[in-house]
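entry32.cif (mmCIF, C-alpha atoms) appears below.
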data_run
loop_
_atom_site.label_atom_id
_atom_site.label_comp_id
_atom_site.auth_asym_id
_atom_site.auth_seq_id
_atom_site.Cartn_x
_atom_site.Cartn_y
_atom_site.Cartn_z
CA MET A 747 -34.14 -111.28 132.33
CA THR A 748 -33.92 -108.57 135.03
CA ARG A 749 -36.44 -105.77 135.52
CA ARG A 750 -33.86 -103.25 134.16
CA GLN A 751 -33.53 -105.23 130.94
CA VAL A 752 -37.29 -105.33 130.43
CA ARG A 753 -37.51 -101.56 130.81
CA ASP A 754 -34.73 -101.16 128.25
CA HIS A 755 -36.79 -103.07 125.61
CA HIS A 756 -39.92 -100.87 126.05
CA PRO A 757 -38.68 -97.88 123.98
CA ALA A 758 -37.76 -100.14 121.05
CA LEU A 759 -41.16 -101.85 121.16
CA GLU A 760 -43.00 -98.54 121.32
CA ALA A 761 -40.99 -97.20 118.39
CA LEU A 762 -41.88 -100.30 116.31
CA VAL A 763 -45.59 -99.96 117.07
CA ALA A 764 -45.52 -96.24 116.21
CA ALA A 765 -43.84 -96.96 112.89
CA ILE A 766 -46.50 -99.56 112.00
CA VAL A 767 -49.33 -97.14 112.89
CA ILE A 768 -47.82 -94.33 110.78
CA THR A 769 -47.32 -96.67 107.81
CA VAL A 770 -50.93 -97.89 107.97
CA ALA A 771 -52.18 -94.31 108.17
CA LEU A 772 -50.20 -93.25 105.11
CA VAL A 773 -51.40 -96.23 103.08
CA ALA A 774 -55.02 -95.57 104.04
CA ARG A 775 -54.65 -91.94 103.05
CA ASN A 776 -53.20 -92.76 99.61
CA PRO A 777 -54.83 -95.95 98.32
CA ASN A 778 -52.86 -95.79 95.07
CA HIS A 779 -49.81 -97.04 96.97
CA SER A 780 -51.65 -100.05 98.32
CA CYS A 781 -50.90 -103.40 96.77
CA CYS A 782 -54.61 -104.19 96.49
CA SER A 783 -55.71 -100.93 94.89
CA THR A 784 -56.63 -100.67 91.26
CA PRO A 785 -54.18 -98.82 89.03
CA SER A 786 -55.18 -95.24 88.34
CA ARG A 787 -55.87 -94.01 84.85
CA ASP A 788 -53.36 -91.89 83.09
CA PRO A 789 -54.04 -88.27 84.14
CA GLN A 790 -53.17 -87.10 80.64
CA GLN A 791 -55.88 -89.34 79.12
CA VAL A 792 -58.46 -88.12 81.62
CA THR A 793 -57.56 -84.50 80.86
CA GLN A 794 -57.75 -85.12 77.10
CA LYS A 795 -61.21 -86.70 77.37
CA ALA A 796 -62.44 -83.81 79.48
CA GLU A 797 -61.08 -81.29 76.97
CA ASP A 798 -62.71 -83.16 74.08
CA ALA A 799 -66.08 -83.16 75.87
CA VAL A 800 -65.80 -79.44 76.58
CA ALA A 801 -64.86 -78.75 72.94
CA VAL A 802 -67.87 -80.71 71.64
CA HIS A 803 -70.20 -78.90 74.03
CA ARG A 804 -68.72 -75.54 73.00
CA ASN A 805 -69.15 -76.29 69.29
CA ASN A 806 -72.75 -77.41 69.79
CA SER A 807 -73.47 -74.29 71.86
CA VAL A 808 -72.05 -72.06 69.12
CA GLU A 809 -74.11 -73.82 66.43
CA VAL A 810 -77.32 -73.61 68.46
CA ALA A 811 -76.67 -69.96 69.37
CA GLY A 812 -76.21 -69.13 65.70
CA PHE A 813 -79.40 -71.00 64.81
CA ARG A 814 -81.37 -69.12 67.48
CA LEU A 815 -79.97 -65.83 66.21
CA LEU A 816 -81.15 -66.73 62.70
CA VAL A 817 -84.59 -67.59 64.06
CA THR A 818 -84.81 -64.22 65.81
CA ILE A 819 -83.70 -62.30 62.72
CA LEU A 820 -86.17 -64.08 60.45
CA ALA A 821 -88.99 -63.57 62.94
CA GLY A 822 -88.20 -59.86 62.94
CA VAL A 823 -88.27 -59.83 59.14
CA ALA A 824 -91.67 -61.57 59.10
CA LEU A 825 -93.15 -59.14 61.62
CA GLY A 826 -91.64 -56.27 59.64
CA ALA A 827 -93.49 -57.56 56.59
CA ALA A 828 -96.66 -57.65 58.68
CA ALA A 829 -96.19 -54.02 59.67
CA SER A 830 -95.39 -52.93 56.12
CA VAL A 831 -98.80 -54.00 54.78
CA LEU A 832 -100.79 -52.10 57.41
CA PRO A 833 -101.06 -48.93 55.25
CA SER A 834 -102.53 -50.99 52.42
CA LEU A 835 -105.04 -52.64 54.72
CA MET A 836 -106.06 -49.30 56.21
CA SER A 837 -106.68 -47.81 52.77
CA THR A 838 -108.28 -50.87 51.14
CA SER A 839 -111.46 -50.54 49.17
CA ALA A 840 -112.78 -53.90 50.42
CA ARG A 841 -116.01 -53.78 52.39
CA GLY A 842 -118.17 -56.12 54.41
CA GLY A 843 -117.06 -59.72 54.72
CA PHE A 844 -114.03 -59.19 52.52
CA LEU A 845 -112.72 -56.44 54.79
CA VAL A 846 -113.17 -58.53 57.95
CA GLY A 847 -111.69 -61.56 56.21
CA THR A 848 -108.62 -59.59 55.14
CA TRP A 849 -107.89 -58.50 58.71
CA LEU A 850 -108.43 -62.08 59.90
CA LEU A 851 -105.88 -63.24 57.35
CA TRP A 852 -103.42 -60.61 58.57
CA GLY A 853 -103.93 -61.72 62.19
CA THR A 854 -103.40 -65.33 61.14
CA GLY A 855 -100.07 -64.42 59.56
CA VAL A 856 -98.88 -62.66 62.72
CA THR A 857 -99.95 -65.63 64.83
CA ALA A 858 -98.05 -67.96 62.49
CA ALA A 859 -94.86 -65.90 62.91
CA VAL A 860 -95.13 -65.98 66.71
CA LEU A 861 -95.92 -69.70 66.74
CA VAL A 862 -92.94 -70.64 64.57
CA TYR A 863 -90.59 -68.43 66.57
CA LEU A 864 -91.54 -69.91 69.93
CA SER A 865 -91.73 -73.52 68.76
CA THR A 866 -88.36 -73.32 66.98
CA LEU A 867 -86.61 -71.87 70.02
CA THR A 868 -88.18 -74.53 72.23
CA GLY A 869 -87.03 -77.26 69.87
CA SER A 870 -83.47 -75.91 69.79
CA LYS A 871 -83.36 -76.12 73.60
CA ALA A 872 -84.70 -79.66 73.69
CA ILE A 873 -82.40 -80.85 70.88
CA PRO A 874 -79.09 -78.96 71.32
CA ILE A 875 -77.12 -80.50 68.47
CA GLU A 876 -75.51 -79.23 65.31
CA ILE A 877 -77.96 -77.80 62.79
CA GLY A 878 -77.19 -78.61 59.17
CA PHE A 879 -78.02 -77.10 55.80
CA ILE A 880 -81.35 -78.85 55.36
CA HIS A 881 -82.65 -77.64 58.72
CA THR A 882 -81.63 -74.06 58.01
CA ALA A 883 -83.15 -74.24 54.52
CA GLY A 884 -86.44 -75.51 55.99
CA LEU A 885 -86.49 -72.65 58.48
CA VAL A 886 -85.85 -70.07 55.77
CA ALA A 887 -88.60 -71.59 53.60
CA SER A 888 -91.04 -71.31 56.49
CA PHE A 889 -90.32 -67.63 57.03
CA LEU A 890 -90.43 -66.87 53.30
CA ALA A 891 -93.90 -68.41 53.26
CA GLN A 892 -94.83 -66.16 56.18
CA CYS A 893 -93.66 -63.13 54.22
CA GLY A 894 -95.83 -64.38 51.37
CA LEU A 895 -98.84 -64.30 53.69
CA PHE A 896 -98.38 -60.55 54.13
CA ALA A 897 -97.24 -59.74 50.60
CA SER A 898 -100.42 -61.31 49.20
CA LEU A 899 -102.52 -58.85 51.24
CA THR A 900 -101.28 -55.99 49.06
CA ARG A 901 -102.95 -57.42 45.94
CA PRO A 902 -105.63 -54.97 44.70
CA ASN A 903 -107.99 -57.70 43.50
CA MET A 904 -109.71 -59.51 46.37
CA GLN A 905 -109.92 -62.80 44.48
CA GLU A 906 -106.20 -62.80 43.78
CA LEU A 907 -105.48 -61.69 47.33
CA VAL A 908 -107.31 -64.64 48.86
CA ARG A 909 -105.92 -67.08 46.34
CA TRP A 910 -102.27 -66.08 46.88
CA TRP A 911 -102.72 -65.94 50.65
CA PHE A 912 -103.89 -69.54 50.84
CA ILE A 913 -101.19 -70.64 48.42
CA SER A 914 -98.63 -69.11 50.82
CA PHE A 915 -100.44 -70.70 53.78
CA SER A 916 -100.23 -74.09 52.11
CA VAL A 917 -96.48 -73.65 51.55
CA PHE A 918 -96.14 -72.54 55.16
CA GLY A 919 -97.86 -75.72 56.37
CA ALA A 920 -95.66 -77.91 54.18
CA ALA A 921 -92.45 -76.19 55.39
CA ALA A 922 -93.57 -76.50 59.02
CA THR A 923 -94.30 -80.21 58.53
CA ILE A 924 -90.82 -80.85 57.13
CA ALA A 925 -89.18 -78.87 59.95
CA ILE A 926 -91.06 -80.80 62.63
CA LEU A 927 -90.27 -84.17 61.07
CA LEU A 928 -86.57 -83.23 60.87
CA GLY A 929 -86.69 -82.37 64.57
CA ILE A 930 -88.21 -85.76 65.38
CA LEU A 931 -85.43 -87.47 63.42
CA LEU A 932 -82.78 -85.48 65.30
CA LEU A 933 -84.26 -86.19 68.72
CA PRO A 934 -82.60 -89.64 69.25
CA LYS A 935 -79.21 -88.11 68.40
CA SER A 936 -79.41 -85.42 71.07
CA PRO A 937 -76.47 -85.55 73.53
CA ARG A 938 -78.69 -84.41 76.38
CA LYS A 939 -79.72 -86.83 79.12
CA MET A 940 -83.50 -86.61 79.15
CA ASP A 941 -86.11 -88.31 81.29
CA GLY A 942 -87.87 -91.07 79.36
CA GLU A 943 -91.38 -89.96 80.24
CA ALA A 944 -90.65 -86.30 79.42
CA LEU A 945 -89.04 -87.33 76.15
CA ALA A 946 -92.04 -89.44 75.18
CA PHE A 947 -94.37 -86.52 75.98
CA TYR A 948 -92.33 -84.18 73.78
CA ARG A 949 -92.23 -86.71 70.92
CA ARG A 950 -96.03 -87.18 71.01
CA GLY A 951 -96.51 -83.44 70.90
CA GLN A 952 -94.21 -83.15 67.90
CA TRP A 953 -96.09 -85.82 65.98
CA THR A 954 -99.37 -84.01 66.70
CA ASP A 955 -97.86 -80.74 65.46
CA ALA A 956 -96.66 -82.46 62.29
CA VAL A 957 -100.16 -83.77 61.58
CA MET A 958 -101.73 -80.35 62.18
CA ALA A 959 -99.20 -78.65 59.90
CA ALA A 960 -99.76 -81.23 57.16
CA LEU A 961 -103.54 -80.73 57.39
CA THR A 962 -102.99 -76.98 57.09
CA ALA A 963 -101.07 -77.49 53.86
CA ILE A 964 -103.63 -79.93 52.45
CA PHE A 965 -106.78 -77.99 53.32
CA SER A 966 -105.31 -74.72 52.03
CA ALA A 967 -104.38 -76.35 48.73
CA VAL A 968 -107.86 -77.88 48.44
CA TYR A 969 -109.47 -74.49 49.12
CA VAL A 970 -107.41 -72.86 46.36
CA ALA A 971 -108.16 -75.65 43.91
CA ARG A 972 -111.92 -75.79 44.55
CA THR A 973 -112.64 -72.07 45.00
CA ALA A 974 -111.91 -70.17 41.84
CA GLU A 975 -113.80 -67.04 42.98
CA PRO A 976 -114.08 -66.91 46.79
CA SER A 977 -117.25 -65.33 48.14
CA GLU A 978 -117.46 -63.17 51.25
CA ARG A 979 -118.88 -66.07 53.23
CA SER A 980 -116.21 -68.53 52.13
CA VAL A 981 -113.41 -66.04 52.89
CA LEU A 982 -114.79 -65.35 56.36
CA LEU A 983 -115.18 -69.06 57.08
CA ALA A 984 -111.76 -70.06 55.76
CA ALA A 985 -109.98 -67.16 57.51
CA SER A 986 -111.74 -67.93 60.81
CA ILE A 987 -110.76 -71.61 60.62
CA ALA A 988 -107.14 -70.72 59.81
CA LEU A 989 -106.85 -68.26 62.70
CA THR A 990 -108.61 -70.59 65.15
CA SER A 991 -106.33 -73.49 64.26
CA LEU A 992 -103.18 -71.43 64.84
CA LEU A 993 -104.50 -70.03 68.12
CA ALA A 994 -105.22 -73.60 69.23
CA ALA A 995 -101.68 -74.58 68.24
CA CYS A 996 -100.30 -71.68 70.31
CA ALA A 997 -102.34 -72.78 73.33
CA LYS A 998 -101.14 -76.36 72.90
CA GLN A 999 -97.53 -75.22 72.68
CA SER A 1000 -97.92 -73.11 75.81
CA VAL A 1001 -99.18 -76.10 77.81
CA GLU A 1002 -96.39 -78.32 76.49
CA ARG A 1003 -93.75 -75.67 77.20
CA ARG A 1004 -94.83 -75.43 80.86
CA ARG A 1005 -94.69 -79.22 81.14
CA MET A 1006 -91.23 -79.31 79.57
CA LEU A 1007 -89.98 -76.59 81.93
CA ARG A 1008 -91.31 -78.54 84.90
CA ASP A 1009 -89.62 -81.73 83.70
CA GLY A 1010 -86.34 -79.94 83.02
CA LEU A 1011 -86.42 -80.71 79.29
CA ILE A 1012 -85.85 -77.06 78.38
#
Output the structure of this file as structure tokens.
Amino acid sequence: MTRRQVRDHHPALEALVAAIVITVALVARNPNHSCCSTPSRDPQQVTQKAEDAVAVHRNNSVEVAGFRLLVTILAGVALGAAASVLPSLMSTSARGGFLVGTWLLWGTGVTAAVLVYLSTLTGSKAIPIEIGFIHTAGLVASFLAQCGLFASLTRPNMQELVRWWFISFSVFGAAATIAILLGILLLPKSPRKMDGEALAFYRRGQWTDAVMAALTAIFSAVYVARTAEPSERSVLLAASIALTSLLAACAKQSVERRRMLRDGLI
């Protein structure tokens, strides 16, 4: 082969090499056209799954938003009831220990309304799933019991006032216990991805709250049953214990809420 013939073959060889390089580059850029690549999923199926997930999230968000709105409205109603009894408390004929005890009972009712409001909102953030009839009924029962705490303070007879207040407080504790236990049952069904340690911390706190609420219901019922005619001393003692227990519950919730915020649970 002459030198001229060799030079004539160089353009063909270069064109072949260039074609191979371009083909390899195109295949590397689009792996779906490679013989060894895995088949892609149907884009329509992927889109449908994404739309379903978005729809579920939207429905849950609407349900939770409605539940939080109900919580806010009921809290406003309870605080409105607290404000409505202030004229009666300011003009009461009670004196001494009964007068102080009555104001302590009023403060306990306000603290209960704030505690339930904050704890319910926190729970709805940690467990963002659909809220059913039984959960809404439990919430309404809790706030009706709170209204009972303030309505009982308008009773003219101090004995009846104390008796009906602790009956309402016992119902409040029972409703709170049921609401907390329902939240614990819903927790495993939550669609949120939560850290195991943070979830365990929240669950322990909920069980503690359930025990405290149940004790509130039991001790209040026992007080009503065993104290037919409350004395000034017994009213002061019982009202102080009730207020202290709710303030302690508020402090506990505050600590847990900061921990949950730090762990990204709420």
Discussion item. With the PyMOL selection byres ((chain A and resi 943) around 12) as the selection, what would be picked from this file? Answer as a PyMOL selection string, please.
Written reply: chain A and resi 940-942+944-950+1005-1006+1009-1011
Worksheet item: Got a sec to check which residues sit within 12 Å of (-95.8, -75.9, 72.9), counting all atoms listed in the file, and write them as a PyMOL selection string?
Response: chain A and resi 860-869+872+947-952+954-955+992-1007+1012
Fill in: Pairwise distance for CA of Ile924 in chain A and CA of Thr900 in chain A, rounded to one decimal in Å
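Taking CA of Ile924 in chain A as the start and CA of Thr900 in chain A as the end point, the length is 28.2 Å.
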Item to complete: Would you mind reading off the distance between CA of Gln905 in chain A and CA of Glu975 in chain A, one decimal, in Å?
Response: 5.9 Å
Item to complete: Could you check how far CA of Ala891 in chain A sits from CA of Phe918 in chain A, in Å to one decimal?
Response: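 According to the coordinates, CA of Ala891 in chain A and CA of Phe918 in chain A are separated by 5.1 Å.
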Worksheet item: On this structure, which residues satisfy the PyMOL selection byres ((chain A and resi 987-991) around 12), written as a ChimeraX atom specification?
Response: /A:847-858,861,911-912,915-916,919,955,958-959,961-963,965-966,969,980-986,992-998
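Proximity ranking of A:Lys871, A:Ala859, A:Ile926, A:Ile819 relative to Leu895 in chain A places A:Ala859 first, based on only C-alpha atoms.
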Discussion item. Just checking: using only C-alpha atoms, which residue out of A:Gly884, A:Thr923, A:Phe896, A:Glu906 ends up closest to Ala829 in chain A?
Written reply: A:Phe896
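When all atoms listed in the file are used to compute distances to Leu815 in chain A, the closest of the residues A:Thr882, A:Ser839, A:Leu932, A:Leu927 turns out to be A:Thr882.
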